[in-house]
Amino acid sequence: MRNWLPHPLLTPILAIIWLLLNNSVAPGQVVLGLLLGWAIPRFTLAFWPERVRIHAPLALLRFGGVFLFDVLVANLSVARLILSGPRALRPAFVVVPLDLANELAISLLANTICLTPGTVSARLSADRRALLVHALDCDDPDALVATIKARFEAPLKEIFAC
Amino acid sequence: MLSLSLTLAFALVAAAFALSFLRLLKGPHAPDRILALDTLYINAIALLVLLGIHLASPLYFEAALLIALMGFVGTVALCKFLLRGDIIE
Amino acid sequence: MSPAVEALLSFLVLAGAAFTFIGSLGLARFRDFYTRLHGPTKATTLGVGCLLVASSIYFSVTGEGDSLSLHEILVTLFLFITAPVSAHLLAKAGLHRRLPSVAPPPRDD
């Protein structure tokens, strides 16, 4: 069982991507998509031996909603900053200490803070305990760190239970 | 109404192309130029999608998908070169 | 196409193009590499996302029959996954090259 269906989550995701790529839900395409979704994880097992476990699916949904809302808000604020010109900026490098142990959770956090609150993740420390972040307009680094930790890191910690 | 807003959108995306191209020429550092190239390919996707709506042809979507894939690989390759190219190993 | 759909499409197309333009404006206007990074990664990604949603609605409404056209979601998804990765790599390359920055640069560790 472990070897025949190594990533139970990846199979439906790959099947859905196949259907989207073909832009159809014909039965033949569904079967082909499921077949590919089974075969690709099976034969690329060597690249990702670790199985992804989602411990709180509801928290994942809520996180998705918060993420989409924040993308909109962050884009409007970045657009305002760009239009008001370079003089109004207060850029800063901020170090965010990490409590996450899971690699996938860290990458998701880095991706999320790249897209959301006026920040870009710049460097992960070698021991994976701190993430260097560049903020476009930041007058209080501690408040920024607290926001990131409460808004994005806590849900991710819950979802992946690490 | 849609054709008017499409014309306006074409103008805006063309201006975005010009601005990114300016940054590509000006630099001043290699990462700036890579960033400009990265922006240019995303602008190209925007232009292709607009063209697809304008000509009412779903064909352009495939080109946009290919540009998205290849552009990302290009950016990653250039960044990797900058990160590892000048380390004496 | 009903007027409401056409108005929605016009809004999405204009918003998408405006965000794309603003992202490139940030790229051309800001003073150091790290602040320039913000425009293209955020504004441009959302701009292209808006345009792709508009394209999806357009082809769903005008396409033959009542078939939905959802494959645009794929490009949006792909951009939302790859844009932060390239931004992160570019920032890392910039730090590696010790590019000048307006913000006080971080100490090495």
# chains A, B, ... in the order shown; residues from 1 in each chain; ligands from 1
$ closest_atom_pairs --of "chain B" --to "chain C" --cutoff "6 Å" --atoms "only C-alpha atoms" --output "Markdown table"
| residue | atom | partner | partner_atom | distance |
| --- | --- | --- | --- | --- |
| B:Leu2 | CA | C:Ser10 | CA | 5.3 |
| B:Ser5 | CA | C:Ser10 | CA | 5.7 |
| B:Ala9 | CA | C:Ala17 | CA | 5.1 |
| B:Leu12 | CA | C:Phe21 | CA | 5.8 |
| B:Val13 | CA | C:Ala17 | CA | 5.9 |
| B:Ala16 | CA | C:Phe21 | CA | 4.6 |
| B:Leu19 | CA | C:Ala28 | CA | 5.7 |
| B:Ser20 | CA | C:Ser24 | CA | 5.7 |
| B:Arg23 | CA | C:Ala28 | CA | 5.6 |
| B:Thr39 | CA | C:Pro40 | CA | 5.9 |
| B:Ala46 | CA | C:Val48 | CA | 5.5 |
| B:Leu65 | CA | C:Val75 | CA | 5.9 |
| B:Leu83 | CA | C:Ala93 | CA | 5.4 |
$ write_last_selection --atoms "N, CA, C and O atoms" --output "PDB file, in the first residue's frame"
ATOM      1  N   LEU B   2     -16.255  47.057 -24.181  1.00  0.00           N
ATOM      2  CA  LEU B   2     -15.125  46.148 -23.962  1.00  0.00           C
ATOM      3  C   LEU B   2     -13.968  46.478 -24.888  1.00  0.00           C
ATOM      4  O   LEU B   2     -12.807  46.448 -24.477  1.00  0.00           O
ATOM      5  N   SER B   5     -12.075  49.475 -23.497  1.00  0.00           N
ATOM      6  CA  SER B   5     -11.208  49.177 -22.350  1.00  0.00           C
ATOM      7  C   SER B   5     -10.047  48.284 -22.774  1.00  0.00           C
ATOM      8  O   SER B   5      -8.955  48.377 -22.209  1.00  0.00           O
ATOM      9  N   ALA B   9      -6.213  49.046 -22.143  1.00  0.00           N
ATOM     10  CA  ALA B   9      -5.378  48.050 -21.474  1.00  0.00           C
ATOM     11  C   ALA B   9      -4.130  47.765 -22.302  1.00  0.00           C
ATOM     12  O   ALA B   9      -3.028  47.649 -21.752  1.00  0.00           O
ATOM     13  N   LEU B  12      -1.698  50.510 -21.637  1.00  0.00           N
ATOM     14  CA  LEU B  12      -1.057  50.394 -20.324  1.00  0.00           C
ATOM     15  C   LEU B  12       0.017  49.314 -20.327  1.00  0.00           C
ATOM     16  O   LEU B  12       1.120  49.512 -19.796  1.00  0.00           O
ATOM     17  N   VAL B  13      -0.296  48.173 -20.949  1.00  0.00           N
ATOM     18  CA  VAL B  13       0.695  47.083 -20.968  1.00  0.00           C
ATOM     19  C   VAL B  13       1.895  47.475 -21.824  1.00  0.00           C
ATOM     20  O   VAL B  13       3.041  47.154 -21.490  1.00  0.00           O
ATOM     21  N   ALA B  16       4.027  49.497 -19.750  1.00  0.00           N
ATOM     22  CA  ALA B  16       4.741  48.644 -18.794  1.00  0.00           C
ATOM     23  C   ALA B  16       5.953  48.016 -19.464  1.00  0.00           C
ATOM     24  O   ALA B  16       7.047  47.955 -18.882  1.00  0.00           O
ATOM     25  N   LEU B  19       8.704  50.638 -19.682  1.00  0.00           N
ATOM     26  CA  LEU B  19       9.360  50.899 -18.397  1.00  0.00           C
ATOM     27  C   LEU B  19      10.310  49.760 -18.029  1.00  0.00           C
ATOM     28  O   LEU B  19      11.438  49.999 -17.568  1.00  0.00           O
ATOM     29  N   SER B  20       9.868  48.508 -18.241  1.00  0.00           N
ATOM     30  CA  SER B  20      10.740  47.374 -17.903  1.00  0.00           C
ATOM     31  C   SER B  20      11.968  47.371 -18.806  1.00  0.00           C
ATOM     32  O   SER B  20      13.072  47.052 -18.360  1.00  0.00           O
ATOM     33  N   ARG B  23      14.548  49.705 -17.583  1.00  0.00           N
ATOM     34  CA  ARG B  23      15.323  49.147 -16.470  1.00  0.00           C
ATOM     35  C   ARG B  23      16.317  48.124 -16.982  1.00  0.00           C
ATOM     36  O   ARG B  23      17.434  48.028 -16.490  1.00  0.00           O
ATOM     37  N   THR B  39      10.181  40.591 -15.305  1.00  0.00           N
ATOM     38  CA  THR B  39       8.981  41.417 -15.485  1.00  0.00           C
ATOM     39  C   THR B  39       8.525  41.408 -16.936  1.00  0.00           C
ATOM     40  O   THR B  39       7.327  41.373 -17.215  1.00  0.00           O
ATOM     41  N   ALA B  46       0.652  38.957 -20.056  1.00  0.00           N
ATOM     42  CA  ALA B  46      -0.495  39.873 -20.002  1.00  0.00           C
ATOM     43  C   ALA B  46      -0.916  40.274 -21.409  1.00  0.00           C
ATOM     44  O   ALA B  46      -2.104  40.257 -21.750  1.00  0.00           O
ATOM     45  N   LEU B  65       0.881  29.985 -21.518  1.00  0.00           N
ATOM     46  CA  LEU B  65       1.291  28.933 -20.582  1.00  0.00           C
ATOM     47  C   LEU B  65       2.758  28.561 -20.806  1.00  0.00           C
ATOM     48  O   LEU B  65       3.539  28.433 -19.854  1.00  0.00           O
ATOM     49  N   LEU B  83      24.390  33.070  -8.174  1.00  0.00           N
ATOM     50  CA  LEU B  83      24.661  32.594  -6.826  1.00  0.00           C
ATOM     51  C   LEU B  83      25.892  31.697  -6.778  1.00  0.00           C
ATOM     52  O   LEU B  83      26.622  31.692  -5.799  1.00  0.00           O
TER      53      LEU B  83
END
$ interface_residues --of "chain A" --to "chain B" --cutoff "12 Å" --atoms "only C-alpha atoms" --output "list in words"
Leu21, Asn22 and Asn23 of chain A
$ closest_residue --among "A:Val96, A:Ile106, A:Ala122, A:Ala130" --to "Thr147 in chain A" --atoms "only C-alpha atoms"
A:Val96
$ interface_residues --of "chain A" --to "chain C" --cutoff "6 Å" --atoms "only C-alpha atoms" --output "ChimeraX atom specification"
/A:20-21,23,75,82,86,91-92,111,114-115,121-123
$ write_last_selection --atoms "all heavy atoms" --output "compact mmCIF listing (two decimals), in the first residue's frame"
# COMPACT_ATOMS: atom_id res chain seq x y z
N LEU A 20 -7.75 20.46 -16.12
CA LEU A 20 -7.71 21.90 -16.43
C LEU A 20 -6.92 22.15 -17.69
O LEU A 20 -7.31 22.97 -18.53
CB LEU A 20 -7.06 22.66 -15.27
CG LEU A 20 -7.95 22.94 -14.06
CD1 LEU A 20 -7.14 23.58 -12.96
CD2 LEU A 20 -9.10 23.84 -14.44
N LEU A 21 -5.80 21.40 -17.85
CA LEU A 21 -4.95 21.59 -19.01
C LEU A 21 -5.72 21.25 -20.29
O LEU A 21 -5.57 21.91 -21.32
CB LEU A 21 -3.73 20.69 -18.87
CG LEU A 21 -2.51 20.99 -19.71
CD1 LEU A 21 -2.04 22.39 -19.42
CD2 LEU A 21 -1.41 20.02 -19.38
N ASN A 23 -9.02 21.29 -20.44
CA ASN A 23 -10.24 22.08 -20.43
C ASN A 23 -11.46 21.22 -20.74
O ASN A 23 -12.34 21.62 -21.50
CB ASN A 23 -10.13 23.21 -21.46
CG ASN A 23 -10.78 24.47 -20.95
OD1 ASN A 23 -11.28 24.49 -19.82
ND2 ASN A 23 -10.81 25.51 -21.75
N ASN A 75 -1.60 44.24 -2.39
CA ASN A 75 -1.39 44.81 -3.71
C ASN A 75 -1.83 46.25 -3.77
O ASN A 75 -1.17 47.09 -4.37
CB ASN A 75 -2.13 43.99 -4.76
CG ASN A 75 -1.27 42.89 -5.27
OD1 ASN A 75 -0.36 43.15 -6.02
ND2 ASN A 75 -1.53 41.69 -4.83
N ILE A 82 4.01 52.66 -4.65
CA ILE A 82 4.73 52.89 -5.90
C ILE A 82 4.33 54.23 -6.49
O ILE A 82 5.16 55.00 -6.96
CB ILE A 82 4.44 51.74 -6.90
CG1 ILE A 82 5.13 50.47 -6.43
CG2 ILE A 82 4.93 52.10 -8.29
CD1 ILE A 82 4.81 49.26 -7.25
N PRO A 86 9.54 57.10 -4.50
CA PRO A 86 10.56 56.46 -3.66
C PRO A 86 10.86 57.22 -2.37
O PRO A 86 11.40 56.65 -1.44
CB PRO A 86 11.78 56.43 -4.58
CG PRO A 86 11.51 57.40 -5.65
CD PRO A 86 10.04 57.52 -5.80
N PRO A 91 12.24 51.42 3.72
CA PRO A 91 12.57 49.99 3.58
C PRO A 91 13.42 49.51 4.75
O PRO A 91 14.14 50.31 5.38
CB PRO A 91 13.36 49.94 2.28
CG PRO A 91 13.90 51.30 2.10
CD PRO A 91 12.97 52.25 2.76
N ALA A 92 13.32 48.22 5.06
CA ALA A 92 14.09 47.67 6.17
C ALA A 92 14.29 46.18 5.98
O ALA A 92 13.46 45.51 5.36
CB ALA A 92 13.38 47.93 7.49
N ASN A 111 6.73 31.74 0.67
CA ASN A 111 5.93 32.14 -0.50
C ASN A 111 4.83 33.11 -0.10
O ASN A 111 4.58 34.09 -0.79
CB ASN A 111 5.30 30.90 -1.13
CG ASN A 111 6.13 30.35 -2.25
OD1 ASN A 111 7.31 30.64 -2.33
ND2 ASN A 111 5.52 29.58 -3.12
N CYS A 114 6.04 36.53 0.65
CA CYS A 114 6.45 37.22 -0.57
C CYS A 114 5.27 37.90 -1.24
O CYS A 114 5.40 38.96 -1.83
CB CYS A 114 7.03 36.23 -1.57
SG CYS A 114 8.78 36.20 -1.58
N LEU A 115 4.12 37.24 -1.20
CA LEU A 115 2.97 37.77 -1.94
C LEU A 115 2.14 38.72 -1.09
O LEU A 115 1.37 39.49 -1.62
CB LEU A 115 2.08 36.63 -2.42
CG LEU A 115 2.57 35.93 -3.67
CD1 LEU A 115 1.77 34.70 -3.96
CD2 LEU A 115 2.51 36.86 -4.86
N SER A 121 10.77 37.59 1.08
CA SER A 121 11.71 36.79 1.85
C SER A 121 13.03 36.74 1.10
O SER A 121 13.05 36.56 -0.11
CB SER A 121 11.16 35.39 2.07
OG SER A 121 11.06 34.71 0.84
N ALA A 122 14.13 36.95 1.80
CA ALA A 122 15.41 37.08 1.11
C ALA A 122 16.38 35.96 1.40
O ALA A 122 17.13 35.56 0.53
CB ALA A 122 16.06 38.42 1.46
N ARG A 123 16.40 35.45 2.63
CA ARG A 123 17.40 34.42 2.90
C ARG A 123 16.96 33.59 4.11
O ARG A 123 16.51 34.14 5.10
CB ARG A 123 18.75 35.06 3.18
CG ARG A 123 19.88 34.05 3.24
CD ARG A 123 21.22 34.72 3.23
NE ARG A 123 21.35 35.73 4.27
CZ ARG A 123 22.35 36.59 4.34
NH1 ARG A 123 23.26 36.59 3.41
NH2 ARG A 123 22.42 37.45 5.31
$ residues_around --residues "Tyr60 in chain B" --least-positions-apart "4" --cutoff "10 Å" --atoms "only C-alpha atoms" --output "number ranges by chain"
B: 45, 47-53, 55-56, 64-65
$ residues_around --residues "Leu37 in chain B" --least-positions-apart "2" --cutoff "9 Å" --atoms "only C-alpha atoms" --output "VMD selection string"
chain B and resid 20 to 21 24 32 to 35 39 to 42 71 75
$ write_last_selection --atoms "all heavy atoms" --output "mmCIF file, in the first residue's frame"
data_model
loop_
_atom_site.group_PDB
_atom_site.id
_atom_site.type_symbol
_atom_site.label_atom_id
_atom_site.label_comp_id
_atom_site.auth_asym_id
_atom_site.auth_seq_id
_atom_site.Cartn_x
_atom_site.Cartn_y
_atom_site.Cartn_z
ATOM 1 N N SER B 20 9.868 48.508 -18.241
ATOM 2 C CA SER B 20 10.740 47.374 -17.903
ATOM 3 C C SER B 20 11.968 47.371 -18.806
ATOM 4 O O SER B 20 13.072 47.052 -18.360
ATOM 5 C CB SER B 20 9.994 46.049 -18.063
ATOM 6 O OG SER B 20 8.732 46.122 -17.507
ATOM 7 N N PHE B 21 11.768 47.744 -20.071
ATOM 8 C CA PHE B 21 12.879 47.756 -21.015
ATOM 9 C C PHE B 21 13.905 48.807 -20.615
ATOM 10 O O PHE B 21 15.114 48.599 -20.719
ATOM 11 C CB PHE B 21 12.343 48.012 -22.423
ATOM 12 C CG PHE B 21 13.283 47.559 -23.484
ATOM 13 C CD1 PHE B 21 13.537 46.212 -23.658
ATOM 14 C CD2 PHE B 21 13.936 48.465 -24.289
ATOM 15 C CE1 PHE B 21 14.422 45.783 -24.625
ATOM 16 C CE2 PHE B 21 14.823 48.037 -25.252
ATOM 17 C CZ PHE B 21 15.071 46.699 -25.416
ATOM 18 N N LEU B 24 15.930 47.371 -18.019
ATOM 19 C CA LEU B 24 16.844 46.378 -18.598
ATOM 20 C C LEU B 24 18.079 47.060 -19.174
ATOM 21 O O LEU B 24 19.195 46.573 -19.030
ATOM 22 C CB LEU B 24 16.103 45.591 -19.684
ATOM 23 C CG LEU B 24 16.885 44.505 -20.396
ATOM 24 C CD1 LEU B 24 17.242 43.406 -19.432
ATOM 25 C CD2 LEU B 24 16.094 43.932 -21.551
ATOM 26 N N ASP B 32 19.443 43.430 -11.295
ATOM 27 C CA ASP B 32 18.428 44.347 -11.806
ATOM 28 C C ASP B 32 17.978 43.935 -13.197
ATOM 29 O O ASP B 32 16.798 43.970 -13.525
ATOM 30 C CB ASP B 32 18.983 45.768 -11.879
ATOM 31 C CG ASP B 32 19.138 46.386 -10.518
ATOM 32 O OD1 ASP B 32 18.116 46.622 -9.876
ATOM 33 O OD2 ASP B 32 20.287 46.618 -10.103
ATOM 34 N N ARG B 33 18.958 43.538 -14.014
ATOM 35 C CA ARG B 33 18.625 43.160 -15.396
ATOM 36 C C ARG B 33 17.811 41.874 -15.413
ATOM 37 O O ARG B 33 16.872 41.730 -16.202
ATOM 38 C CB ARG B 33 19.904 43.011 -16.209
ATOM 39 C CG ARG B 33 20.645 44.326 -16.344
ATOM 40 C CD ARG B 33 21.502 44.355 -17.591
ATOM 41 N NE ARG B 33 21.836 45.740 -17.888
ATOM 42 C CZ ARG B 33 22.934 46.345 -17.446
ATOM 43 N NH1 ARG B 33 23.805 45.679 -16.727
ATOM 44 N NH2 ARG B 33 23.162 47.600 -17.741
ATOM 45 N N ILE B 34 18.178 40.930 -14.542
ATOM 46 C CA ILE B 34 17.392 39.683 -14.502
ATOM 47 C C ILE B 34 15.967 39.991 -14.060
ATOM 48 O O ILE B 34 15.003 39.456 -14.610
ATOM 49 C CB ILE B 34 18.046 38.668 -13.537
ATOM 50 C CG1 ILE B 34 19.444 38.332 -14.014
ATOM 51 C CG2 ILE B 34 17.222 37.405 -13.461
ATOM 52 C CD1 ILE B 34 20.171 37.421 -13.063
ATOM 53 N N LEU B 35 15.836 40.882 -13.076
ATOM 54 C CA LEU B 35 14.495 41.262 -12.616
ATOM 55 C C LEU B 35 13.699 41.898 -13.751
ATOM 56 O O LEU B 35 12.507 41.612 -13.926
ATOM 57 C CB LEU B 35 14.624 42.231 -11.442
ATOM 58 C CG LEU B 35 13.319 42.702 -10.809
ATOM 59 C CD1 LEU B 35 12.540 41.524 -10.279
ATOM 60 C CD2 LEU B 35 13.602 43.672 -9.680
ATOM 61 N N THR B 39 10.181 40.591 -15.305
ATOM 62 C CA THR B 39 8.981 41.417 -15.485
ATOM 63 C C THR B 39 8.525 41.408 -16.936
ATOM 64 O O THR B 39 7.327 41.373 -17.215
ATOM 65 C CB THR B 39 9.279 42.850 -15.046
ATOM 66 O OG1 THR B 39 10.012 42.810 -13.849
ATOM 67 C CG2 THR B 39 8.000 43.615 -14.819
ATOM 68 N N LEU B 40 9.500 41.419 -17.861
ATOM 69 C CA LEU B 40 9.141 41.444 -19.284
ATOM 70 C C LEU B 40 8.356 40.192 -19.675
ATOM 71 O O LEU B 40 7.390 40.278 -20.434
ATOM 72 C CB LEU B 40 10.397 41.560 -20.148
ATOM 73 C CG LEU B 40 10.904 42.985 -20.355
ATOM 74 C CD1 LEU B 40 12.245 42.945 -21.052
ATOM 75 C CD2 LEU B 40 9.924 43.781 -21.181
ATOM 76 N N TYR B 41 8.762 39.018 -19.135
ATOM 77 C CA TYR B 41 8.013 37.828 -19.571
ATOM 78 C C TYR B 41 6.608 37.822 -18.974
ATOM 79 O O TYR B 41 5.656 37.391 -19.637
ATOM 80 C CB TYR B 41 8.806 36.543 -19.336
ATOM 81 C CG TYR B 41 8.614 35.811 -18.038
ATOM 82 C CD1 TYR B 41 7.441 35.084 -17.801
ATOM 83 C CD2 TYR B 41 9.585 35.806 -17.057
ATOM 84 C CE1 TYR B 41 7.277 34.405 -16.615
ATOM 85 C CE2 TYR B 41 9.428 35.119 -15.890
ATOM 86 C CZ TYR B 41 8.265 34.422 -15.668
ATOM 87 O OH TYR B 41 8.091 33.742 -14.503
ATOM 88 N N ILE B 42 6.479 38.356 -17.745
ATOM 89 C CA ILE B 42 5.118 38.413 -17.184
ATOM 90 C C ILE B 42 4.269 39.408 -17.984
ATOM 91 O O ILE B 42 3.091 39.167 -18.252
ATOM 92 C CB ILE B 42 5.174 38.757 -15.686
ATOM 93 C CG1 ILE B 42 5.944 37.666 -14.952
ATOM 94 C CG2 ILE B 42 3.775 38.848 -15.113
ATOM 95 C CD1 ILE B 42 6.050 37.860 -13.488
ATOM 96 N N GLY B 71 9.794 31.110 -18.900
ATOM 97 C CA GLY B 71 10.299 32.307 -18.240
ATOM 98 C C GLY B 71 10.774 32.000 -16.840
ATOM 99 O O GLY B 71 11.858 32.440 -16.423
ATOM 100 N N THR B 75 14.585 32.489 -15.382
ATOM 101 C CA THR B 75 14.947 33.315 -14.231
ATOM 102 C C THR B 75 15.719 32.506 -13.199
ATOM 103 O O THR B 75 16.739 32.962 -12.657
ATOM 104 C CB THR B 75 13.671 33.884 -13.584
ATOM 105 O OG1 THR B 75 12.909 34.517 -14.586
ATOM 106 C CG2 THR B 75 14.011 34.870 -12.504
#
$ residues_around --residues "Ile113 in chain A" --least-positions-apart "6" --cutoff "9 Å" --atoms "only C-alpha atoms" --output "JSON, numbers by chain"
{"A": [119, 120, 121, 133, 148, 152], "C": [84]}
$ write_last_selection --atoms "all heavy atoms" --output "short mmCIF file (atom, residue, chain, number, x, y, z; two decimals), in the first residue's frame"
data_model
loop_
_atom_site.label_atom_id
_atom_site.label_comp_id
_atom_site.auth_asym_id
_atom_site.auth_seq_id
_atom_site.Cartn_x
_atom_site.Cartn_y
_atom_site.Cartn_z
N THR A 119 6.35 42.56 1.77
CA THR A 119 7.64 42.01 2.15
C THR A 119 8.08 40.98 1.12
O THR A 119 7.26 40.40 0.42
CB THR A 119 7.57 41.28 3.51
OG1 THR A 119 6.43 40.44 3.50
CG2 THR A 119 7.45 42.26 4.65
N VAL A 120 9.40 40.77 1.02
CA VAL A 120 9.95 39.70 0.19
C VAL A 120 10.91 38.90 1.06
O VAL A 120 11.75 39.49 1.74
CB VAL A 120 10.69 40.28 -1.03
CG1 VAL A 120 11.51 39.21 -1.70
CG2 VAL A 120 9.71 40.84 -2.03
N SER A 121 10.77 37.59 1.08
CA SER A 121 11.71 36.79 1.85
C SER A 121 13.03 36.74 1.10
O SER A 121 13.05 36.56 -0.11
CB SER A 121 11.16 35.39 2.07
OG SER A 121 11.06 34.71 0.84
N VAL A 133 13.87 38.97 5.91
CA VAL A 133 12.77 39.50 5.11
C VAL A 133 13.07 40.95 4.79
O VAL A 133 13.58 41.68 5.64
CB VAL A 133 11.46 39.36 5.92
CG1 VAL A 133 10.41 40.28 5.42
CG2 VAL A 133 10.97 37.93 5.89
N ILE A 148 3.39 38.71 11.13
CA ILE A 148 3.69 37.52 10.31
C ILE A 148 3.51 36.26 11.14
O ILE A 148 2.91 35.27 10.69
CB ILE A 148 5.12 37.60 9.76
CG1 ILE A 148 5.20 38.69 8.68
CG2 ILE A 148 5.56 36.28 9.18
CD1 ILE A 148 6.58 38.94 8.15
N PHE A 152 0.28 34.22 9.73
CA PHE A 152 0.63 33.18 8.76
C PHE A 152 1.31 31.97 9.40
O PHE A 152 1.05 30.84 9.02
CB PHE A 152 1.55 33.76 7.68
CG PHE A 152 0.94 34.92 6.98
CD1 PHE A 152 1.51 36.17 7.03
CD2 PHE A 152 -0.24 34.76 6.27
CE1 PHE A 152 0.94 37.24 6.38
CE2 PHE A 152 -0.82 35.83 5.63
CZ PHE A 152 -0.23 37.07 5.68
N PRO C 84 6.90 34.18 -6.17
CA PRO C 84 7.68 34.32 -4.93
C PRO C 84 9.00 33.58 -4.98
O PRO C 84 9.99 34.04 -4.41
CB PRO C 84 6.78 33.71 -3.86
CG PRO C 84 5.44 33.62 -4.46
CD PRO C 84 5.63 33.51 -5.92
#
$ residues_around --residues "Thr11 in chain A" --least-positions-apart "2" --cutoff "8 Å" --atoms "only C-alpha atoms" --output "PyMOL selection string"
chain A and resi 7-9+13-15+34+36-38+41
$ atom_distance --atom1 "CA of Pro155 in chain A" --atom2 "CA of Phe63 in chain A"
6.6 Å
$ closest_residue --among "A:Thr44, A:Ser24, A:Thr116, A:Ser107" --to "Val78 in chain A" --atoms "only C-alpha atoms"
A:Thr116
$ decode --residues "range 32-45 of chain C" --atoms "C-alpha atoms" --output "PDB file, in the first residue's frame"
ATOM      1  CA  ASP C  32      17.713  50.224  -4.987  1.00  0.00           C
ATOM      2  CA  PHE C  33      17.418  46.635  -6.111  1.00  0.00           C
ATOM      3  CA  TYR C  34      15.554  45.358  -3.051  1.00  0.00           C
ATOM      4  CA  THR C  35      12.719  47.887  -3.268  1.00  0.00           C
ATOM      5  CA  ARG C  36      12.465  47.343  -7.040  1.00  0.00           C
ATOM      6  CA  LEU C  37      11.809  43.684  -6.339  1.00  0.00           C
ATOM      7  CA  HIS C  38       8.421  44.444  -4.748  1.00  0.00           C
ATOM      8  CA  GLY C  39       6.637  45.907  -7.773  1.00  0.00           C
ATOM      9  CA  PRO C  40       6.995  42.991 -10.206  1.00  0.00           C
ATOM     10  CA  THR C  41       6.424  40.244  -7.622  1.00  0.00           C
ATOM     11  CA  LYS C  42       3.186  41.617  -6.232  1.00  0.00           C
ATOM     12  CA  ALA C  43       1.454  44.096  -8.506  1.00  0.00           C
ATOM     13  CA  THR C  44       2.343  42.375 -11.782  1.00  0.00           C
ATOM     14  CA  THR C  45       1.300  38.956 -10.513  1.00  0.00           C
TER      15      THR C  45
END
